[in-house]
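A.B. asks: Just dropping this structure here.
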Amino acid sequence: MANDHTNIPNDLSAFWMPFTANRQYKKAPRLFTAAKDMHYTTADGRQVLDGTAGLWCCNAGHARPKITEAVQKQVAELDYAPAFQMGHPKAFELASTIRDIAPKGMEHVFFTNSGSESVETALKIALAYQRAIGQGTRTRLVGREKGYHGVNFGGISVGGLVNNRRMFGQHLNGTLHLPHTHLIDKNAYTKGQPEHGWELADDLERMVALHGEETIAAVIVEPMAGSAGVIMPPKGYLERLRALTKKYGILLIFDEVITGFGRLGSSFAAEHFDVQPDLITTAKGLTNGVIPMGAVLATSEIHDAFMTGPEHMIELFHGYTYSGNPVACAAGLATLETYREEDLFNRADSMAEYWQEALHSLKGLPHVIDIRNMGLIGAVELEPIAGEPTKRAFNAFLEAYDKGVLIRTTGDIIAMSPPLIIEKEHIDQLIGTLADVLKSLD
Ligand code: PMP
């Protein structure tokens, strides 16, 4: 039940909110009650400009009629179909549509319900594939420091963010971590890809020397690390990682849960950086955030190992009740059609320079120590308050919200990833408000 003056419910106690300091939040709750295109409406009736596309997912903006109508129609027509040993047409249609915009060679699509599930699925496919081709000793999985690969056990094991790991015991055995490439001392204020750090990929050689190539199944990286604070791959880094993984028979997985579906101005980061992985994980922008859905893209080489391999490997023993849910598929099809009709990936590309210059105009403002950008994503890194890490950036988030723009923070980094329909005046408002906030921060 809502209280009379606002849309804030009277009882906030039951909902245990994810990734939220519940004690603090519930003292001063922030609630959205509606959204349209570039804006949210708050419970007290204010308009807030969406500078983050929700959680990096509403790439076409909010409440787009084509997607809404497709979902409504699908719920009424076929709400659910069993996901195993049965099908429905839209799952096949969506898989083909994704394949048609995917980087060349990514021929097959496995549906999940989230980014975390896509990661678990890709890691399991990698392990099963190595087994199917007679490389069953390859059981180690390699991630990277500062990597974010969702919150399930595989994902936190290959992930490299301490807060996501330290509460939860020992994780998966046999995971290794490459060094991160967040080299602010060398690369600060680089526009696009930085110069320094490509050689950090060579750490894979050290792992091979120490553990033996025949023990390593796959390497997973975000081609552009989002949740750790928008960290661009140094020039040559992904190419080097690809060359080394190929050399040692190790699969390369790109976690494109954020970068998939247009964020960098191409359909996928693999295309943007012109580096071909073996598996790609996606979610978020696939359905514009409207219905939970993810997908793993695989090469024919991987897929066909299960079609032609030994009899006991003919089926991948993995899947979810909601894999390829019809309503999610309808949302996905309508979303991809919206991206295509409005040419939104190219639009992100054509707005990228204006975005870059606006962001970098914040250089020199109090507490700013780095600015990073690519496509329609950007970050402003702040000097932490001594002894109180994350506080300054979080205060910036609260101030910006009060001033009518939604940004996101991770540690002491402000991250922004607006819907790809953004106009120049929205960029001016977003960056102008952030400038005001930075000037007034302690
Ligand atoms: N991988 C990456 C790269 C992500 O950015 C995220 C979410 N931000 C995930 C996986 C997990 O996605 P989800 O929250 O949908 O499980």
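Residue numbering restarts at 1 for every chain of the structure tokens, chains are lettered A, B, ... in their displayed order, and ligands are numbered from 1 as they appear.
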Pick out the residues no farther than 9 Å from ligand 1, counting only C-alpha atoms and all ligand atoms, and list them as a PDB file with N, CA and C atoms, in the first residue's frame.

C.D. replies:
ATOM      1  N   LEU A  55      20.469  -0.223 -16.008  1.00  0.00           N
ATOM      2  CA  LEU A  55      21.776  -0.790 -15.617  1.00  0.00           C
ATOM      3  C   LEU A  55      22.481  -1.239 -16.891  1.00  0.00           C
ATOM      4  N   TRP A  56      22.841  -0.323 -17.716  1.00  0.00           N
ATOM      5  CA  TRP A  56      23.514  -0.540 -19.011  1.00  0.00           C
ATOM      6  C   TRP A  56      22.664  -1.409 -19.945  1.00  0.00           C
ATOM      7  N   CYS A  57      21.353  -1.332 -19.852  1.00  0.00           N
ATOM      8  CA  CYS A  57      20.559  -2.302 -20.629  1.00  0.00           C
ATOM      9  C   CYS A  57      19.496  -1.695 -21.552  1.00  0.00           C
ATOM     10  N   ASN A 113      18.873 -16.425 -19.042  1.00  0.00           N
ATOM     11  CA  ASN A 113      17.960 -15.398 -18.520  1.00  0.00           C
ATOM     12  C   ASN A 113      18.662 -14.178 -17.948  1.00  0.00           C
ATOM     13  N   SER A 114      19.975 -14.150 -18.009  1.00  0.00           N
ATOM     14  CA  SER A 114      20.701 -13.019 -17.417  1.00  0.00           C
ATOM     15  C   SER A 114      22.150 -13.081 -17.853  1.00  0.00           C
ATOM     16  N   GLY A 115      22.881 -12.037 -17.526  1.00  0.00           N
ATOM     17  CA  GLY A 115      24.308 -12.034 -17.813  1.00  0.00           C
ATOM     18  C   GLY A 115      25.038 -13.091 -16.997  1.00  0.00           C
ATOM     19  N   SER A 116      24.682 -13.206 -15.728  1.00  0.00           N
ATOM     20  CA  SER A 116      25.347 -14.202 -14.872  1.00  0.00           C
ATOM     21  C   SER A 116      25.150 -15.605 -15.434  1.00  0.00           C
ATOM     22  N   GLU A 117      23.949 -15.901 -15.867  1.00  0.00           N
ATOM     23  CA  GLU A 117      23.690 -17.228 -16.440  1.00  0.00           C
ATOM     24  C   GLU A 117      24.427 -17.414 -17.772  1.00  0.00           C
ATOM     25  N   SER A 118      24.565 -16.350 -18.518  1.00  0.00           N
ATOM     26  CA  SER A 118      25.327 -16.467 -19.775  1.00  0.00           C
ATOM     27  C   SER A 118      26.773 -16.829 -19.471  1.00  0.00           C
ATOM     28  N   VAL A 119      27.319 -16.224 -18.430  1.00  0.00           N
ATOM     29  CA  VAL A 119      28.704 -16.517 -18.055  1.00  0.00           C
ATOM     30  C   VAL A 119      28.842 -17.979 -17.636  1.00  0.00           C
ATOM     31  N   GLY A 147      37.850  -8.104 -13.127  1.00  0.00           N
ATOM     32  CA  GLY A 147      36.811  -8.575 -14.045  1.00  0.00           C
ATOM     33  C   GLY A 147      35.475  -8.709 -13.317  1.00  0.00           C
ATOM     34  N   TYR A 148      34.390  -8.425 -14.021  1.00  0.00           N
ATOM     35  CA  TYR A 148      33.046  -8.673 -13.478  1.00  0.00           C
ATOM     36  C   TYR A 148      32.328  -9.613 -14.434  1.00  0.00           C
ATOM     37  N   HIS A 149      31.981 -10.771 -13.921  1.00  0.00           N
ATOM     38  CA  HIS A 149      31.303 -11.754 -14.759  1.00  0.00           C
ATOM     39  C   HIS A 149      30.055 -12.277 -14.066  1.00  0.00           C
ATOM     40  N   GLY A 150      29.318 -11.344 -13.444  1.00  0.00           N
ATOM     41  CA  GLY A 150      28.098 -11.744 -12.760  1.00  0.00           C
ATOM     42  C   GLY A 150      28.395 -12.296 -11.389  1.00  0.00           C
ATOM     43  N   VAL A 151      27.370 -12.872 -10.783  1.00  0.00           N
ATOM     44  CA  VAL A 151      27.443 -13.153  -9.351  1.00  0.00           C
ATOM     45  C   VAL A 151      27.296 -14.626  -8.996  1.00  0.00           C
ATOM     46  N   ASN A 152      27.218 -15.500  -9.985  1.00  0.00           N
ATOM     47  CA  ASN A 152      27.127 -16.915  -9.657  1.00  0.00           C
ATOM     48  C   ASN A 152      28.537 -17.465  -9.419  1.00  0.00           C
ATOM     49  N   GLY A 155      31.146 -17.251 -12.158  1.00  0.00           N
ATOM     50  CA  GLY A 155      31.413 -15.838 -12.460  1.00  0.00           C
ATOM     51  C   GLY A 155      32.251 -15.152 -11.396  1.00  0.00           C
ATOM     52  N   VAL A 221      37.334 -12.625 -20.618  1.00  0.00           N
ATOM     53  CA  VAL A 221      37.549 -11.198 -20.306  1.00  0.00           C
ATOM     54  C   VAL A 221      36.381 -10.385 -20.851  1.00  0.00           C
ATOM     55  N   GLU A 222      36.145  -9.258 -20.207  1.00  0.00           N
ATOM     56  CA  GLU A 222      35.275  -8.253 -20.809  1.00  0.00           C
ATOM     57  C   GLU A 222      36.162  -7.480 -21.779  1.00  0.00           C
ATOM     58  N   PRO A 223      35.823  -7.424 -23.061  1.00  0.00           N
ATOM     59  CA  PRO A 223      36.693  -6.673 -23.985  1.00  0.00           C
ATOM     60  C   PRO A 223      36.857  -5.228 -23.510  1.00  0.00           C
ATOM     61  N   MET A 224      35.801  -4.639 -22.976  1.00  0.00           N
ATOM     62  CA  MET A 224      35.899  -3.364 -22.254  1.00  0.00           C
ATOM     63  C   MET A 224      35.257  -3.619 -20.892  1.00  0.00           C
ATOM     64  N   ALA A 225      36.043  -3.511 -19.839  1.00  0.00           N
ATOM     65  CA  ALA A 225      35.531  -3.851 -18.505  1.00  0.00           C
ATOM     66  C   ALA A 225      34.580  -2.755 -18.029  1.00  0.00           C
ATOM     67  N   GLY A 226      33.328  -3.108 -17.778  1.00  0.00           N
ATOM     68  CA  GLY A 226      32.320  -2.108 -17.409  1.00  0.00           C
ATOM     69  C   GLY A 226      32.231  -1.864 -15.918  1.00  0.00           C
ATOM     70  N   SER A 227      31.847  -2.910 -15.189  1.00  0.00           N
ATOM     71  CA  SER A 227      31.490  -2.714 -13.784  1.00  0.00           C
ATOM     72  C   SER A 227      32.669  -2.318 -12.901  1.00  0.00           C
ATOM     73  N   ALA A 228      33.889  -2.623 -13.339  1.00  0.00           N
ATOM     74  CA  ALA A 228      35.053  -2.207 -12.543  1.00  0.00           C
ATOM     75  C   ALA A 228      35.372  -0.735 -12.770  1.00  0.00           C
ATOM     76  N   PHE A 254      34.579 -13.699 -24.789  1.00  0.00           N
ATOM     77  CA  PHE A 254      34.351 -12.272 -24.539  1.00  0.00           C
ATOM     78  C   PHE A 254      33.038 -12.130 -23.780  1.00  0.00           C
ATOM     79  N   ASP A 255      33.103 -11.521 -22.615  1.00  0.00           N
ATOM     80  CA  ASP A 255      31.880 -11.219 -21.870  1.00  0.00           C
ATOM     81  C   ASP A 255      31.373  -9.869 -22.355  1.00  0.00           C
ATOM     82  N   GLU A 256      30.358  -9.928 -23.204  1.00  0.00           N
ATOM     83  CA  GLU A 256      29.819  -8.710 -23.825  1.00  0.00           C
ATOM     84  C   GLU A 256      28.443  -8.361 -23.265  1.00  0.00           C
ATOM     85  N   VAL A 257      28.244  -8.648 -21.996  1.00  0.00           N
ATOM     86  CA  VAL A 257      26.946  -8.359 -21.388  1.00  0.00           C
ATOM     87  C   VAL A 257      26.656  -6.854 -21.442  1.00  0.00           C
ATOM     88  N   ILE A 258      27.687  -6.038 -21.322  1.00  0.00           N
ATOM     89  CA  ILE A 258      27.499  -4.584 -21.460  1.00  0.00           C
ATOM     90  C   ILE A 258      27.759  -4.115 -22.891  1.00  0.00           C
ATOM     91  N   THR A 259      28.816  -4.637 -23.507  1.00  0.00           N
ATOM     92  CA  THR A 259      29.219  -4.081 -24.801  1.00  0.00           C
ATOM     93  C   THR A 259      28.381  -4.595 -25.972  1.00  0.00           C
ATOM     94  N   THR A 281      29.324 -13.850 -24.450  1.00  0.00           N
ATOM     95  CA  THR A 281      28.163 -13.812 -23.552  1.00  0.00           C
ATOM     96  C   THR A 281      27.454 -12.474 -23.717  1.00  0.00           C
ATOM     97  N   THR A 282      26.134 -12.515 -23.685  1.00  0.00           N
ATOM     98  CA  THR A 282      25.336 -11.287 -23.805  1.00  0.00           C
ATOM     99  C   THR A 282      24.149 -11.356 -22.849  1.00  0.00           C
ATOM    100  N   ALA A 283      23.466 -10.228 -22.692  1.00  0.00           N
ATOM    101  CA  ALA A 283      22.191 -10.136 -21.950  1.00  0.00           C
ATOM    102  C   ALA A 283      21.689  -8.702 -22.157  1.00  0.00           C
ATOM    103  N   LYS A 284      21.303  -8.036 -21.109  1.00  0.00           N
ATOM    104  CA  LYS A 284      20.985  -6.603 -21.078  1.00  0.00           C
ATOM    105  C   LYS A 284      20.295  -6.060 -22.343  1.00  0.00           C
ATOM    106  N   PRO A 292      13.882 -10.254 -18.626  1.00  0.00           N
ATOM    107  CA  PRO A 292      15.201 -10.857 -18.403  1.00  0.00           C
ATOM    108  C   PRO A 292      15.536 -11.870 -19.485  1.00  0.00           C
ATOM    109  N   MET A 293      16.683 -11.703 -20.101  1.00  0.00           N
ATOM    110  CA  MET A 293      17.120 -12.670 -21.106  1.00  0.00           C
ATOM    111  C   MET A 293      18.615 -12.480 -21.372  1.00  0.00           C
ATOM    112  N   GLY A 294      19.303 -13.583 -21.596  1.00  0.00           N
ATOM    113  CA  GLY A 294      20.691 -13.526 -22.023  1.00  0.00           C
ATOM    114  C   GLY A 294      20.892 -14.537 -23.133  1.00  0.00           C
TER     115      GLY A 294
END

A.B. asks: Hey, what does DSSP flag as strand (DSSP E) within segment 307-437 of chain A? Can you give it to me as a VMD selection string?

C.D. replies: chain A and resid 368 to 374 377 to 382 405 to 406 408 to 410 413 to 416

A.B. asks: For atom CA of Asp402 of chain A and atom CA of Ile431 of chain A, quote the distance in Å rounded to one decimal.

C.D. replies: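 Atom CA of Asp402 of chain A sits 14.8 Å away from atom CA of Ile431 of chain A.
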
A.B. asks: Measuring between only C-alpha atoms, which one of A:Glu145, A:Ile385, A:Val158, A:Arg372 shows the shortest distance to Ala415 of chain A?

C.D. replies: A:Arg372

A.B. asks: Pick out the residues sitting within 9 Å of segment 416-429 of chain A, and hand them over as number ranges by chain; count only C-alpha atoms, and ignore anything fewer than 2 positions along from it in its own chain.

C.D. replies: A: 37-38, 49-62, 230, 262-263, 342, 344-345, 347-348, 351, 354-355, 358-359, 376-380, 405-409, 414, 431-434

A.B. asks: Rank nothing, just name the residue among A:Val368, A:Ala201, A:Ile280, A:Ala188 nearest to Phe111 of chain A, using only C-alpha atoms.

C.D. replies: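 Looking at the shortest contact to Phe111 of chain A, the residue is A:Ile280.
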
A.B. asks: How far is it from atom CA of His171 of chain A to atom CA of Leu141 of chain A, in Å with one decimal?

C.D. replies: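 So the two atoms, atom CA of His171 of chain A and atom CA of Leu141 of chain A, lie 12.1 Å apart.
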
A.B. asks: I'd like a table as JSON lines: residues in segment 255-347 of chain A with an atom no more than 8 Å from segment 87-105 of chain A, each row giving the shortest atom pair and its distance in Å to one decimal, only C-alpha atoms counted, sorted by chain and rising residue number.

C.D. replies:
{"residue": "A:Ser267", "atom": "CA", "partner": "A:Ile101", "partner_atom": "CA", "distance": 6.6}
{"residue": "A:Phe268", "atom": "CA", "partner": "A:Ala102", "partner_atom": "CA", "distance": 6.9}
{"residue": "A:Ala270", "atom": "CA", "partner": "A:Pro103", "partner_atom": "CA", "distance": 6.7}
{"residue": "A:Glu271", "atom": "CA", "partner": "A:Pro103", "partner_atom": "CA", "distance": 5.7}
{"residue": "A:Gln276", "atom": "CA", "partner": "A:Pro103", "partner_atom": "CA", "distance": 7.4}
{"residue": "A:Leu297", "atom": "CA", "partner": "A:Arg99", "partner_atom": "CA", "distance": 7.9}
{"residue": "A:Thr299", "atom": "CA", "partner": "A:Gly105", "partner_atom": "CA", "distance": 5.5}
{"residue": "A:Ser300", "atom": "CA", "partner": "A:Gly105", "partner_atom": "CA", "distance": 7.1}
{"residue": "A:Gly324", "atom": "CA", "partner": "A:Ala91", "partner_atom": "CA", "distance": 5.5}
{"residue": "A:Asn325", "atom": "CA", "partner": "A:Ala91", "partner_atom": "CA", "distance": 7.6}
{"residue": "A:Pro326", "atom": "CA", "partner": "A:Lys90", "partner_atom": "CA", "distance": 6.5}
{"residue": "A:Cys329", "atom": "CA", "partner": "A:Ala91", "partner_atom": "CA", "distance": 5.8}
{"residue": "A:Ala330", "atom": "CA", "partner": "A:Lys90", "partner_atom": "CA", "distance": 6.7}
{"residue": "A:Gly332", "atom": "CA", "partner": "A:Leu94", "partner_atom": "CA", "distance": 6.9}
{"residue": "A:Leu333", "atom": "CA", "partner": "A:Leu94", "partner_atom": "CA", "distance": 5.8}
{"residue": "A:Leu336", "atom": "CA", "partner": "A:Thr97", "partner_atom": "CA", "distance": 7.9}

A.B. asks: Would you kindly return, as a PyMOL selection string, each protein, DNA or RNA residue with an atom no farther than 12 Å from any atom of segment 26-29 of chain A, considering only C-alpha atoms and excluding same-chain residues fewer than 4 positions away?

C.D. replies: chain A and resi 6-17+20-22+42-44+398+401-402
